[in-house]
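Data file: target.txt. Format and content: compact mmCIF, C-alpha atoms and all ligand atoms.
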# COMPACT_ATOMS: atom_id res chain seq x y z
CA MET S 1 82.00 105.99 38.84
CA ASP S 2 82.32 103.35 36.13
CA ILE S 3 80.43 103.33 32.83
CA HIS S 4 79.67 100.65 30.24
CA GLU S 5 81.86 99.77 27.28
CA TYR S 6 79.36 101.14 24.73
CA GLN S 7 79.14 104.45 26.62
CA ALA S 8 82.93 104.77 26.80
CA LYS S 9 83.16 104.04 23.08
CA GLU S 10 80.59 106.71 22.27
CA ILE S 11 82.54 109.26 24.32
CA LEU S 12 85.92 108.30 22.90
CA SER S 13 84.66 108.40 19.33
CA GLU S 14 83.56 112.00 19.90
CA PHE S 15 87.20 112.70 20.75
CA GLY S 16 88.48 111.16 17.51
CA VAL S 17 89.10 107.54 18.54
CA THR S 18 87.91 105.00 15.93
CA VAL S 19 85.51 102.34 17.24
CA PRO S 20 83.67 99.55 15.39
CA ALA S 21 80.09 100.13 14.21
CA GLY S 22 77.75 98.90 16.93
CA GLY S 23 74.28 99.05 18.46
CA LEU S 24 72.70 98.49 21.85
CA ALA S 25 70.17 95.69 22.40
CA TYR S 26 67.86 94.70 25.25
CA SER S 27 66.51 91.50 23.71
CA PRO S 28 67.72 88.69 21.40
CA GLU S 29 65.45 89.95 18.59
CA GLN S 30 66.82 93.45 18.92
CA ALA S 31 70.39 92.07 18.87
CA ALA S 32 69.71 90.31 15.56
CA TYR S 33 68.03 93.45 14.20
CA ARG S 34 71.08 95.53 15.15
CA ALA S 35 73.33 93.17 13.19
CA ARG S 36 71.12 93.30 10.10
CA GLU S 37 70.96 97.08 10.36
CA MET S 38 74.79 97.25 10.37
CA GLY S 39 75.30 94.73 7.59
CA GLY S 40 78.33 92.49 7.18
CA ASP S 41 78.67 88.78 7.87
CA LYS S 42 80.33 88.54 11.29
CA TRP S 43 79.36 90.22 14.55
CA ILE S 44 80.41 90.24 18.19
CA VAL S 45 77.73 90.09 20.91
CA LYS S 46 79.04 91.63 24.13
CA ALA S 47 77.52 91.62 27.62
CA GLN S 48 77.55 95.13 29.10
CA VAL S 49 78.68 94.88 32.72
CA HIS S 50 80.99 97.05 34.79
CA ALA S 51 83.82 94.51 34.78
CA GLY S 52 86.50 93.15 32.49
CA GLY S 53 87.39 89.55 31.79
CA ARG S 54 84.10 89.00 29.94
CA GLY S 55 85.77 87.21 27.03
CA LYS S 56 86.94 84.30 29.18
CA ALA S 57 83.63 84.16 31.06
CA GLY S 58 81.30 83.77 28.05
CA GLY S 59 80.34 87.46 27.88
CA VAL S 60 81.82 88.05 24.39
CA LYS S 61 80.66 85.85 21.49
CA VAL S 62 81.52 85.88 17.81
CA CYS S 63 78.45 85.15 15.64
CA CYS S 64 77.89 84.60 11.92
CA ASP S 65 74.08 84.63 11.53
CA ASP S 66 70.78 85.63 13.16
CA ASN S 67 70.38 82.35 15.04
CA GLU S 68 73.84 82.49 16.52
CA ILE S 69 73.23 86.09 17.60
CA MET S 70 69.91 85.24 19.24
CA ASP S 71 71.42 82.21 21.01
CA ALA S 72 74.37 84.26 22.26
CA ALA S 73 72.03 87.04 23.41
CA SER S 74 69.67 84.62 25.23
CA SER S 75 72.62 82.99 26.97
CA MET S 76 73.67 86.36 28.41
CA LEU S 77 70.56 88.51 29.02
CA GLY S 78 69.10 88.40 32.51
CA LYS S 79 71.94 86.24 33.81
CA LYS S 80 74.72 87.05 36.22
CA LEU S 81 78.08 87.14 34.53
CA VAL S 82 80.89 86.01 36.81
CA THR S 83 84.36 87.11 35.71
CA HIS S 84 87.58 87.31 37.70
CA GLN S 85 86.78 90.99 38.27
CA THR S 86 83.16 90.73 39.46
CA GLY S 87 83.59 88.65 42.60
CA PRO S 88 81.69 85.38 43.07
CA GLU S 89 78.25 87.05 43.03
CA GLY S 90 78.77 88.32 39.46
CA LYS S 91 77.08 91.27 37.71
CA GLY S 92 73.66 91.28 36.09
CA VAL S 93 73.50 91.51 32.29
CA TYR S 94 70.62 93.74 31.14
CA ARG S 95 72.15 95.34 28.03
CA LEU S 96 74.06 93.91 25.10
CA TYR S 97 76.26 95.62 22.59
CA VAL S 98 76.38 94.16 19.08
CA GLU S 99 79.39 95.11 17.00
CA ALA S 100 80.59 94.51 13.47
CA ALA S 101 83.65 92.22 13.62
CA VAL S 102 86.98 93.73 12.73
CA PRO S 103 89.89 91.97 10.91
CA ILE S 104 92.61 92.01 13.60
CA GLU S 105 96.30 92.13 12.67
CA ARG S 106 97.62 92.74 16.19
CA GLU S 107 96.36 93.69 19.66
CA ILE S 108 97.80 96.45 21.87
CA TYR S 109 97.14 97.38 25.47
CA LEU S 110 96.53 101.10 26.11
CA GLY S 111 95.78 102.67 29.49
CA PHE S 112 95.63 106.21 30.89
CA VAL S 113 95.82 106.48 34.66
CA LEU S 114 96.39 109.15 37.27
CA ASP S 115 99.94 108.71 38.56
CA ARG S 116 100.03 110.11 42.07
CA THR S 117 103.83 110.04 42.35
CA SER S 118 104.40 112.35 39.39
CA GLN S 119 100.99 114.02 39.89
CA ARG S 120 100.34 113.62 36.19
CA ILE S 121 98.26 111.61 33.80
CA MET S 122 100.36 108.61 32.76
CA ILE S 123 100.10 106.51 29.62
CA VAL S 124 100.77 102.81 30.13
CA ALA S 125 100.90 100.82 26.90
CA SER S 126 102.12 97.44 25.76
CA SER S 127 102.56 95.62 22.50
CA GLU S 128 101.03 92.58 24.27
CA GLY S 129 97.30 93.42 24.03
CA GLY S 130 94.46 91.11 24.92
CA MET S 131 96.02 90.09 28.24
CA GLU S 132 95.16 91.96 31.45
CA ILE S 133 97.75 94.57 32.46
CA GLU S 134 98.49 92.59 35.66
CA GLU S 135 99.44 89.57 33.54
CA ILE S 136 101.51 91.71 31.16
CA SER S 137 103.48 93.27 34.02
CA ALA S 138 104.13 89.80 35.46
CA ASP S 139 104.98 87.99 32.18
CA ARG S 140 106.30 90.67 29.81
CA PRO S 141 107.33 93.70 31.93
CA ASP S 142 109.84 94.74 29.24
CA SER S 143 106.97 95.24 26.76
CA ILE S 144 105.45 98.06 28.83
CA VAL S 145 105.87 101.65 27.63
CA ARG S 146 105.19 104.47 30.08
CA ALA S 147 104.98 108.24 29.57
CA THR S 148 103.75 111.06 31.79
CA ILE S 149 101.99 114.07 30.30
CA ASP S 150 102.84 117.66 31.15
CA PRO S 151 99.49 119.28 32.08
CA ALA S 152 100.60 122.68 30.74
CA GLY S 153 101.21 121.50 27.18
CA GLY S 154 99.04 118.37 27.04
CA LEU S 155 100.07 115.31 25.05
CA ALA S 156 102.50 116.52 22.37
CA ASP S 157 102.61 115.02 18.87
CA PHE S 158 106.27 114.00 19.21
CA GLN S 159 105.47 112.19 22.46
CA ALA S 160 102.55 110.34 20.86
CA ARG S 161 104.76 109.39 17.86
CA GLU S 162 107.43 108.11 20.23
CA ILE S 163 104.90 105.85 21.94
CA ALA S 164 103.65 104.59 18.56
CA PHE S 165 107.23 103.84 17.57
CA LYS S 166 107.97 101.96 20.81
CA LEU S 167 104.84 99.87 20.27
CA GLY S 168 106.10 98.93 16.82
CA ILE S 169 103.29 100.67 14.91
CA GLU S 170 103.96 100.77 11.16
CA PRO S 171 104.52 104.22 9.59
CA ALA S 172 101.24 103.83 7.64
CA SER S 173 99.31 103.73 10.95
CA THR S 174 101.32 106.24 13.00
CA GLN S 175 99.06 109.23 12.27
CA HIS S 176 95.98 107.24 13.26
CA MET S 177 97.73 106.14 16.46
CA VAL S 178 98.67 109.74 17.32
CA ARG S 179 95.04 110.81 16.86
CA THR S 180 93.90 107.92 19.08
CA LEU S 181 96.34 108.74 21.89
CA LYS S 182 95.52 112.44 21.81
CA GLY S 183 91.78 111.74 21.74
CA CYS S 184 91.98 109.49 24.81
CA TYR S 185 94.04 112.08 26.63
CA ARG S 186 91.59 114.89 25.89
CA ALA S 187 88.61 112.73 26.93
CA PHE S 188 90.41 111.88 30.18
CA ARG S 189 91.27 115.48 30.97
CA ASP S 190 88.12 117.24 29.75
CA LEU S 191 85.71 114.85 31.50
CA ASP S 192 87.53 114.41 34.85
CA ALA S 193 88.25 110.73 34.31
CA THR S 194 90.56 108.77 36.58
CA MET S 195 91.08 105.90 34.15
CA VAL S 196 90.75 105.17 30.45
CA GLU S 197 91.63 101.67 29.30
CA ILE S 198 91.48 100.25 25.78
CA ASN S 199 92.30 96.56 25.79
CA PRO S 200 92.65 95.58 23.08
CA LEU S 201 93.41 98.51 20.83
CA VAL S 202 93.89 96.77 17.51
CA VAL S 203 95.76 97.35 14.28
CA THR S 204 93.57 95.98 11.49
CA THR S 205 94.82 94.13 8.43
CA ASP S 206 94.23 97.37 6.49
CA ASN S 207 96.33 99.44 8.97
CA ARG S 208 93.52 101.15 10.87
CA ILE S 209 93.75 101.63 14.66
CA ILE S 210 90.48 100.63 16.34
CA ALA S 211 89.38 100.44 19.98
CA LEU S 212 87.75 97.01 20.36
CA ASP S 213 87.11 97.44 24.06
CA ALA S 214 86.87 100.57 26.23
CA LYS S 215 86.63 101.27 29.92
CA MET S 216 86.36 104.63 31.66
CA THR S 217 86.19 105.54 35.32
CA PHE S 218 85.31 109.04 36.52
CA ASP S 219 86.12 111.05 39.61
CA ASP S 220 82.97 110.98 41.77
CA ASN S 221 83.90 114.33 43.29
CA ALA S 222 83.74 116.01 39.88
CA LEU S 223 80.41 114.53 38.74
CA PHE S 224 78.52 117.62 39.92
CA ARG S 225 80.07 119.54 37.01
CA ARG S 226 79.84 116.72 34.45
CA SER S 227 76.11 116.14 34.15
CA ASN S 228 76.51 114.39 30.79
CA VAL S 229 78.75 111.85 32.48
CA ALA S 230 76.71 111.58 35.70
CA GLU S 231 73.71 110.61 33.54
CA LEU S 232 75.53 107.45 32.42
CA ARG S 233 75.42 105.94 35.91
CA ASP S 234 73.92 102.43 35.97
CA LYS S 235 72.87 101.46 39.48
CA SER S 236 72.21 97.86 38.44
CA GLN S 237 76.00 97.44 38.32
CA GLU S 238 76.69 98.83 41.79
CA ASP S 239 76.63 97.22 45.23
CA PRO S 240 73.04 98.06 46.27
CA ARG S 241 74.23 98.95 49.78
CA GLU S 242 76.63 101.52 48.31
CA SER S 243 74.12 103.08 45.88
CA HIS S 244 71.61 103.43 48.70
CA ALA S 245 74.23 105.17 50.87
CA ALA S 246 75.50 107.44 48.08
CA ASP S 247 71.92 108.60 47.42
CA ARG S 248 71.72 109.63 51.09
CA GLY S 249 75.05 111.46 51.21
CA LEU S 250 76.77 108.79 53.33
CA SER S 251 80.22 107.50 52.53
CA TYR S 252 79.83 103.71 52.66
CA VAL S 253 81.79 100.72 51.41
CA GLY S 254 80.31 97.23 51.86
CA LEU S 255 82.58 94.46 53.17
CA ASP S 256 82.11 90.78 53.94
CA GLY S 257 82.18 90.68 57.78
CA ASN S 258 79.34 90.83 60.32
CA ILE S 259 80.12 93.73 62.67
CA GLY S 260 78.49 96.85 61.25
CA CYS S 261 80.37 100.12 61.86
CA ILE S 262 79.02 103.65 62.26
CA VAL S 263 81.88 106.09 62.66
CA ASN S 264 82.70 109.76 62.10
CA GLY S 265 85.71 110.52 59.93
CA ALA S 266 87.35 108.32 57.32
CA GLY S 267 90.55 107.87 59.38
CA LEU S 268 88.67 106.79 62.49
CA ALA S 269 86.48 104.49 60.38
CA MET S 270 89.61 102.78 59.02
CA ALA S 271 91.11 102.53 62.54
CA THR S 272 87.83 101.08 63.85
CA MET S 273 87.85 98.38 61.17
CA ASP S 274 91.47 97.52 62.02
CA THR S 275 90.72 97.37 65.75
CA ILE S 276 87.73 95.06 65.17
CA LYS S 277 90.05 92.76 63.21
CA LEU S 278 92.66 92.90 65.98
CA ALA S 279 89.95 91.91 68.46
CA GLY S 280 89.20 88.85 66.32
CA GLY S 281 86.12 90.12 64.47
CA GLU S 282 85.30 91.06 60.86
CA PRO S 283 83.85 94.48 59.92
CA ALA S 284 80.76 94.46 57.68
CA ASN S 285 81.35 97.90 56.25
CA PHE S 286 83.17 101.18 56.18
CA LEU S 287 80.85 104.06 57.04
CA ASP S 288 81.77 107.69 57.64
CA ILE S 289 78.79 109.75 58.82
CA GLY S 290 80.83 112.95 58.44
CA GLY S 291 80.90 116.02 60.65
CA GLY S 292 77.93 117.75 62.29
CA ALA S 293 75.72 114.68 61.95
CA THR S 294 72.16 115.33 63.09
CA PRO S 295 70.16 112.69 65.02
CA GLU S 296 68.24 112.01 61.76
CA ARG S 297 71.47 111.36 59.89
CA VAL S 298 72.69 108.97 62.58
CA ALA S 299 69.36 107.13 62.54
CA LYS S 300 69.60 106.90 58.74
CA ALA S 301 73.11 105.43 59.02
CA PHE S 302 71.78 102.91 61.55
CA ARG S 303 68.99 101.78 59.22
CA LEU S 304 71.46 101.47 56.35
CA VAL S 305 73.92 99.31 58.30
CA LYS S 306 71.13 97.16 59.71
CA SER S 307 69.61 96.57 56.24
CA ASP S 308 72.67 94.47 55.38
CA ALA S 309 71.60 90.88 56.11
CA LYS S 310 75.15 89.92 57.07
CA VAL S 311 75.25 92.36 60.01
CA GLU S 312 74.99 90.63 63.41
CA ALA S 313 76.25 93.40 65.73
CA ILE S 314 76.64 97.17 65.38
CA LEU S 315 79.44 99.32 66.74
CA VAL S 316 78.98 103.09 66.90
CA ASN S 317 82.32 104.84 67.40
CA ILE S 318 82.25 108.64 67.65
CA PHE S 319 85.13 110.91 68.51
CA ALA S 320 83.25 114.17 68.43
CA GLY S 321 84.91 117.43 67.50
CA ILE S 322 82.47 119.08 65.12
CA ASN S 323 79.99 116.34 65.91
CA ARG S 324 77.96 116.34 69.12
CA CYS S 325 77.76 113.21 71.26
CA ASP S 326 74.25 114.15 72.44
CA TRP S 327 72.98 114.30 68.83
CA VAL S 328 74.60 110.97 68.04
CA ALA S 329 73.07 109.43 71.18
CA GLU S 330 69.66 110.84 70.20
CA GLY S 331 70.03 109.33 66.73
CA VAL S 332 70.92 105.92 68.15
CA VAL S 333 67.98 106.00 70.56
CA GLN S 334 65.63 107.21 67.80
CA ALA S 335 66.68 104.36 65.49
CA LEU S 336 66.34 101.73 68.25
CA ARG S 337 62.92 103.02 69.38
CA GLU S 338 61.67 102.97 65.82
CA GLU S 339 62.74 99.41 65.27
CA PRO S 340 64.13 97.35 68.15
CA MET S 341 67.18 95.43 67.03
CA ASP S 342 67.78 91.79 67.75
CA MET S 343 71.55 92.13 67.91
CA PRO S 344 74.16 93.63 70.23
CA ILE S 345 74.62 97.41 69.91
CA ILE S 346 77.87 98.87 71.23
CA VAL S 347 78.38 102.63 71.53
CA ARG S 348 81.57 104.49 72.27
CA LEU S 349 81.29 108.24 72.61
CA SER S 350 84.10 110.69 73.23
CA GLY S 351 84.51 114.48 72.87
CA THR S 352 81.97 117.30 72.53
CA ASN S 353 78.94 116.95 74.86
CA VAL S 354 79.96 113.44 75.90
CA GLU S 355 78.25 113.70 79.33
CA GLU S 356 74.90 114.63 77.76
CA GLY S 357 75.35 111.81 75.26
CA GLN S 358 76.02 109.20 77.93
CA LYS S 359 73.04 110.47 79.90
CA ILE S 360 70.69 110.06 76.93
CA LEU S 361 71.91 106.48 76.39
CA ALA S 362 71.64 105.60 80.10
CA GLU S 363 68.16 107.13 80.52
CA SER S 364 66.80 105.47 77.38
CA GLY S 365 66.66 102.13 79.18
CA LEU S 366 67.74 100.44 75.95
CA PRO S 367 70.17 97.49 76.14
CA ILE S 368 73.12 99.44 74.74
CA ILE S 369 76.62 98.25 75.61
CA ARG S 370 78.82 101.24 76.34
CA ALA S 371 82.59 101.55 76.01
CA ALA S 372 85.10 104.29 76.89
CA THR S 373 87.93 103.66 74.43
CA LEU S 374 88.21 102.36 70.89
CA LYS S 375 89.94 99.17 72.05
CA GLU S 376 87.30 98.52 74.67
CA ALA S 377 84.58 99.15 72.07
CA ALA S 378 86.12 96.66 69.62
CA ASP S 379 86.73 94.02 72.32
CA ARG S 380 83.18 94.35 73.64
CA SER S 381 81.68 94.24 70.14
CA VAL S 382 83.46 91.01 69.27
CA ALA S 383 82.70 89.45 72.70
CA ALA S 384 79.01 90.47 72.52
CA TRP S 385 78.73 89.20 68.94
CA LYS S 386 80.26 85.83 69.91
CA ALA S 387 77.97 85.50 72.96
CA ASP S 388 74.95 86.40 70.83
CA GLN S 389 75.87 83.82 68.18
CA ALA S 390 76.30 81.15 70.89
CA THR S 391 72.85 81.96 72.32
CA ASN S 392 71.26 81.87 68.88
CA THR S 393 72.83 78.48 68.17
CA LYS S 394 71.53 77.13 71.49
CA LEU S 395 68.04 78.51 70.83
CA LYS S 396 68.00 76.85 67.43
CA ALA S 397 69.11 73.56 68.98
CA VAL S 398 66.20 73.65 71.49
P1 LIG J 1 86.90 91.71 28.04
O1 LIG J 1 87.24 90.25 28.03
O2 LIG J 1 85.83 92.02 29.03
O3 LIG J 1 88.10 92.56 28.18
O4 LIG J 1 86.23 92.00 26.59
P2 LIG J 1 86.87 92.49 25.20
O5 LIG J 1 85.97 93.50 24.63
O6 LIG J 1 88.30 92.90 25.36
O7 LIG J 1 86.78 91.19 24.30
C1 LIG J 1 87.55 90.04 24.56
C2 LIG J 1 88.24 89.54 23.31
O8 LIG J 1 87.31 89.29 22.28
C3 LIG J 1 89.21 90.54 22.71
O9 LIG J 1 90.48 90.53 23.33
C4 LIG J 1 89.28 90.12 21.26
O10 LIG J 1 90.29 89.14 21.09
C5 LIG J 1 87.92 89.47 21.00
N1 LIG J 1 87.14 90.40 20.16
C6 LIG J 1 86.41 91.46 20.55
N2 LIG J 1 85.90 92.11 19.48
C7 LIG J 1 86.35 91.44 18.39
C8 LIG J 1 86.20 91.63 16.97
O11 LIG J 1 85.57 92.54 16.46
N3 LIG J 1 86.82 90.71 16.15
C9 LIG J 1 87.52 89.66 16.65
N4 LIG J 1 88.07 88.78 15.83
N5 LIG J 1 87.69 89.47 17.97
C10 LIG J 1 87.12 90.34 18.83
MN MN J 2 89.13 93.88 27.13
What is this structure when it is put down as structure tokens?
Ligand code: GDP
Ligand code: MN
Amino acid sequence: MDIHEYQAKEILSEFGVTVPAGGLAYSPEQAAYRAREMGGDKWIVKAQVHAGGRGKAGGVKVCCDDNEIMDAASSMLGKKLVTHQTGPEGKGVYRLYVEAAVPIEREIYLGFVLDRTSQRIMIVASSEGGMEIEEISADRPDSIVRATIDPAGGLADFQAREIAFKLGIEPASTQHMVRTLKGCYRAFRDLDATMVEINPLVVTTDNRIIALDAKMTFDDNALFRRSNVAELRDKSQEDPRESHAADRGLSYVGLDGNIGCIVNGAGLAMATMDTIKLAGGEPANFLDIGGGATPERVAKAFRLVKSDAKVEAILVNIFAGINRCDWVAEGVVQALREEPMDMPIIVRLSGTNVEEGQKILAESGLPIIRAATLKEAADRSVAAWKADQATNTKLKAV
């Protein structure tokens, strides 16, 4: 789960990281009020979306008076911000963060990630802040400093000082840098984060170390024990198909194709997507209905996949071990009876209670295309989808 910049800053500041003074705003008037409340003569108005690259996309504006703040706020609020990280559809801007400007001496990149090779939290930092880490590793790979943290001892002072030294931090700022690094590490570890990124972390002209931007991502599987974090979820920033699925306990990832997939098991779901591609089609989603799926759960999955306007055919692929083919078949029939579908439905069942399952499908009298193997299922799905598209085109022409 991702959170907003202002939320990440609030968390990090509780762990000792210095952040600029700032306030949240939902309207241009409120944005101007926030600035007046803070005082000063220069402010930054920042669109709060779950994506980086806002600066280059018009989502970060430097302002010097009320009018500039209100103009900047009006240009952002209620609009979709498209950055290189949002995809072409962009992300809606409903909240703004207004911050007091900071006198920047230099910008640093600081990231904490989970390194699966060493099975440790890894610090990735660079003296070249402001740029995205992908650009830094392409243009200035030599500027990147890496360090892994021993979970038994945590981030040690000497290790933090070494990083500060490698980044060229002046002695006057070293202590502040050590506090910042240790604070980020503790926030990461104590809150089950999977990523903390501060880009840029700046050294000010008066030698303070301040986080000008902040991003945090949390492990979804640990949210049950981090209610304070779970509360920060903002569904307006998520793919609506995925939020809907997550609320119903289904593991779903939306894609751009048109063949909807309903599968049990993450591995089989991946294999199904690959086989559809091999057959010349494009999957519309990843969906794992899990083990022991009841007919109701299958019907729910069906409704979810169908609600995606891009879906033009649905492939159900079940290799039942814990699952029961008869329950899956019942679910499919239930969903189709409830709401007849104007698209090809292909079902491949294998494993536990397969005969009963096939019988339910056959006796339903519904126009379900059946397949025995995964390859056959994928081939038939793509063929049926193509035939259906051809018919639709002809009908439109008439
Ligand atoms: P991102 O583009 O989504 O990563 O948004 P950032 O929060 O990183 O802002 C983009 C850029 O705006 C930063 O790299 C800074 O150069 C600039 N910026 C942000 N806050 C301030 C500030 O307080 N003072 C100044 N001078 N520039 C700022
Ligand atoms: Mn940034």
Compare S:Ala214, S:Ala320, S:Leu155, S:Glu128 by their minimum atom-to-atom distance to Asp142 in chain S, counting all atoms listed in the file, and give me the closest one.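 Answer, going by the shortest atom-to-atom distance: S:Glu128.
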Contact check, range 255-307 of chain S to range 311-318 of chain S, at most 9 Å, counting all atoms listed in the file, closest pairs as CSV:
residue,atom,partner,partner_atom,distance
S:Gly257,CA,S:Val311,CA,7.5
S:Asn258,CA,S:Val311,CA,4.4
S:Ile259,CA,S:Ala313,CA,4.9
S:Gly260,CA,S:Ile314,CA,4.5
S:Cys261,CA,S:Leu315,CA,5.0
S:Ile262,CA,S:Val316,CA,4.7
S:Val263,CA,S:Asn317,CA,4.9
S:Asn264,CA,S:Ile318,CA,5.7
S:Gly265,CA,S:Ile318,CA,8.7
S:Leu268,CA,S:Asn317,CA,8.3
S:Ala269,CA,S:Asn317,CA,8.2
S:Thr272,CA,S:Asn317,CA,7.6
S:Pro283,CA,S:Val311,CA,8.9
S:Ala284,CA,S:Val311,CA,6.3
S:Phe302,CA,S:Ile314,CA,8.4
S:Val305,CA,S:Val311,CA,7.3
S:Lys306,CA,S:Val311,CA,6.3
S:Ser307,CA,S:Val311,CA,8.0
How would you write, as a compact mmCIF listing (two decimals) with C-alpha atoms, in the frame of the given file, the set of residues no farther than 10 Å from ligand LIG 1 (chain J) when counting all atoms listed in the file?
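File written: out_39.txt
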# COMPACT_ATOMS: atom_id res chain seq x y z
CA GLU S 5 81.86 99.77 27.28
CA VAL S 19 85.51 102.34 17.24
CA PRO S 20 83.67 99.55 15.39
CA ALA S 21 80.09 100.13 14.21
CA LYS S 42 80.33 88.54 11.29
CA TRP S 43 79.36 90.22 14.55
CA ILE S 44 80.41 90.24 18.19
CA VAL S 45 77.73 90.09 20.91
CA LYS S 46 79.04 91.63 24.13
CA ALA S 47 77.52 91.62 27.62
CA GLN S 48 77.55 95.13 29.10
CA VAL S 49 78.68 94.88 32.72
CA HIS S 50 80.99 97.05 34.79
CA ALA S 51 83.82 94.51 34.78
CA GLY S 52 86.50 93.15 32.49
CA GLY S 53 87.39 89.55 31.79
CA ARG S 54 84.10 89.00 29.94
CA GLY S 55 85.77 87.21 27.03
CA LYS S 56 86.94 84.30 29.18
CA ALA S 57 83.63 84.16 31.06
CA GLY S 58 81.30 83.77 28.05
CA GLY S 59 80.34 87.46 27.88
CA VAL S 60 81.82 88.05 24.39
CA LYS S 61 80.66 85.85 21.49
CA VAL S 62 81.52 85.88 17.81
CA THR S 83 84.36 87.11 35.71
CA GLN S 85 86.78 90.99 38.27
CA VAL S 98 76.38 94.16 19.08
CA GLU S 99 79.39 95.11 17.00
CA ALA S 100 80.59 94.51 13.47
CA ALA S 101 83.65 92.22 13.62
CA VAL S 102 86.98 93.73 12.73
CA PRO S 103 89.89 91.97 10.91
CA ILE S 104 92.61 92.01 13.60
CA GLU S 105 96.30 92.13 12.67
CA ARG S 106 97.62 92.74 16.19
CA GLU S 107 96.36 93.69 19.66
CA ILE S 108 97.80 96.45 21.87
CA TYR S 109 97.14 97.38 25.47
CA GLY S 129 97.30 93.42 24.03
CA GLY S 130 94.46 91.11 24.92
CA MET S 131 96.02 90.09 28.24
CA GLU S 132 95.16 91.96 31.45
CA GLU S 197 91.63 101.67 29.30
CA ILE S 198 91.48 100.25 25.78
CA ASN S 199 92.30 96.56 25.79
CA PRO S 200 92.65 95.58 23.08
CA LEU S 201 93.41 98.51 20.83
CA VAL S 202 93.89 96.77 17.51
CA THR S 204 93.57 95.98 11.49
CA ILE S 210 90.48 100.63 16.34
CA ALA S 211 89.38 100.44 19.98
CA LEU S 212 87.75 97.01 20.36
CA ASP S 213 87.11 97.44 24.06
CA ALA S 214 86.87 100.57 26.23
CA LYS S 215 86.63 101.27 29.92
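Nearest to Gly292 in chain S of all the residues S:Gly154, S:Gly321, S:Gly357, S:Gly267 is S:Gly321, counting only C-alpha atoms.
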Judged by all atoms listed in the file, the minimum distance to ligand MN 2 (chain J) among S:Gly153, S:Gly111, S:Gly168, S:Gly254 is found for S:Gly111
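Atom to atom, CA of Ser251 in chain S and CA of Ile289 in chain S stand 6.8 Å apart.
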Figure out the distance between CA of Ser127 in chain S and CA of Leu167 in chain S, please, to one decimal in Å. 5.3 Å
Using all atoms listed in the file, find the one residue out of S:Leu96, S:Arg208, S:Leu110, S:Lys182 that sits nearest to ligand MN 2 (chain J).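 Nearest to ligand MN 2 (chain J): S:Leu110.
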Point out the residue among S:Ala377, S:Ile322, S:Met216, S:Arg116 with the least atom-to-atom distance to ligand MN 2 (chain J), counting only C-alpha atoms and all ligand atoms. S:Met216
Here CA of Ala164 in chain S and CA of Leu181 in chain S stand apart by 9.0 Å
Residue nearest ligand MN 2 (chain J) among S:Val196, S:Cys184, S:Arg380, S:Gly92 (counting all atoms listed in the file):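 Closest residue, counting all atoms listed in the file: S:Val196.
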Taking the structure in the block just given, could you write range 215-223 of chain S with N, CA, C and O atoms, as an mmCIF file, in the first residue's frame?
data_model
loop_
_atom_site.group_PDB
_atom_site.id
_atom_site.type_symbol
_atom_site.label_atom_id
_atom_site.label_comp_id
_atom_site.auth_asym_id
_atom_site.auth_seq_id
_atom_site.Cartn_x
_atom_site.Cartn_y
_atom_site.Cartn_z
ATOM 1 N N LYS S 215 8.254 9.348 0.296
ATOM 2 C CA LYS S 215 7.376 8.302 -0.231
ATOM 3 C C LYS S 215 7.543 7.074 0.641
ATOM 4 O O LYS S 215 8.678 6.727 0.991
ATOM 5 N N MET S 216 6.411 6.441 1.016
ATOM 6 C CA MET S 216 6.514 5.182 1.761
ATOM 7 C C MET S 216 5.546 4.176 1.183
ATOM 8 O O MET S 216 4.423 4.523 0.817
ATOM 9 N N THR S 217 5.996 2.934 1.113
ATOM 10 C CA THR S 217 5.124 1.840 0.692
ATOM 11 C C THR S 217 5.151 0.795 1.799
ATOM 12 O O THR S 217 6.201 0.556 2.403
ATOM 13 N N PHE S 218 3.977 0.216 2.077
ATOM 14 C CA PHE S 218 3.875 -0.744 3.176
ATOM 15 C C PHE S 218 3.492 -2.127 2.675
ATOM 16 O O PHE S 218 2.834 -2.272 1.640
ATOM 17 N N ASP S 219 3.910 -3.120 3.460
ATOM 18 C CA ASP S 219 3.598 -4.509 3.148
ATOM 19 C C ASP S 219 2.106 -4.767 3.427
ATOM 20 O O ASP S 219 1.667 -4.704 4.568
ATOM 21 N N ASP S 220 1.348 -5.054 2.383
ATOM 22 C CA ASP S 220 -0.101 -5.291 2.542
ATOM 23 C C ASP S 220 -0.391 -6.417 3.533
ATOM 24 O O ASP S 220 -1.396 -6.394 4.233
ATOM 25 N N ASN S 221 0.483 -7.406 3.565
ATOM 26 C CA ASN S 221 0.250 -8.570 4.426
ATOM 27 C C ASN S 221 0.455 -8.259 5.901
ATOM 28 O O ASN S 221 0.166 -9.097 6.751
ATOM 29 N N ALA S 222 1.001 -7.080 6.205
ATOM 30 C CA ALA S 222 1.224 -6.727 7.609
ATOM 31 C C ALA S 222 0.237 -5.653 8.069
ATOM 32 O O ALA S 222 0.246 -5.263 9.233
ATOM 33 N N LEU S 223 -0.632 -5.183 7.163
ATOM 34 C CA LEU S 223 -1.525 -4.072 7.525
ATOM 35 C C LEU S 223 -2.477 -4.430 8.655
ATOM 36 O O LEU S 223 -2.903 -3.560 9.416
#
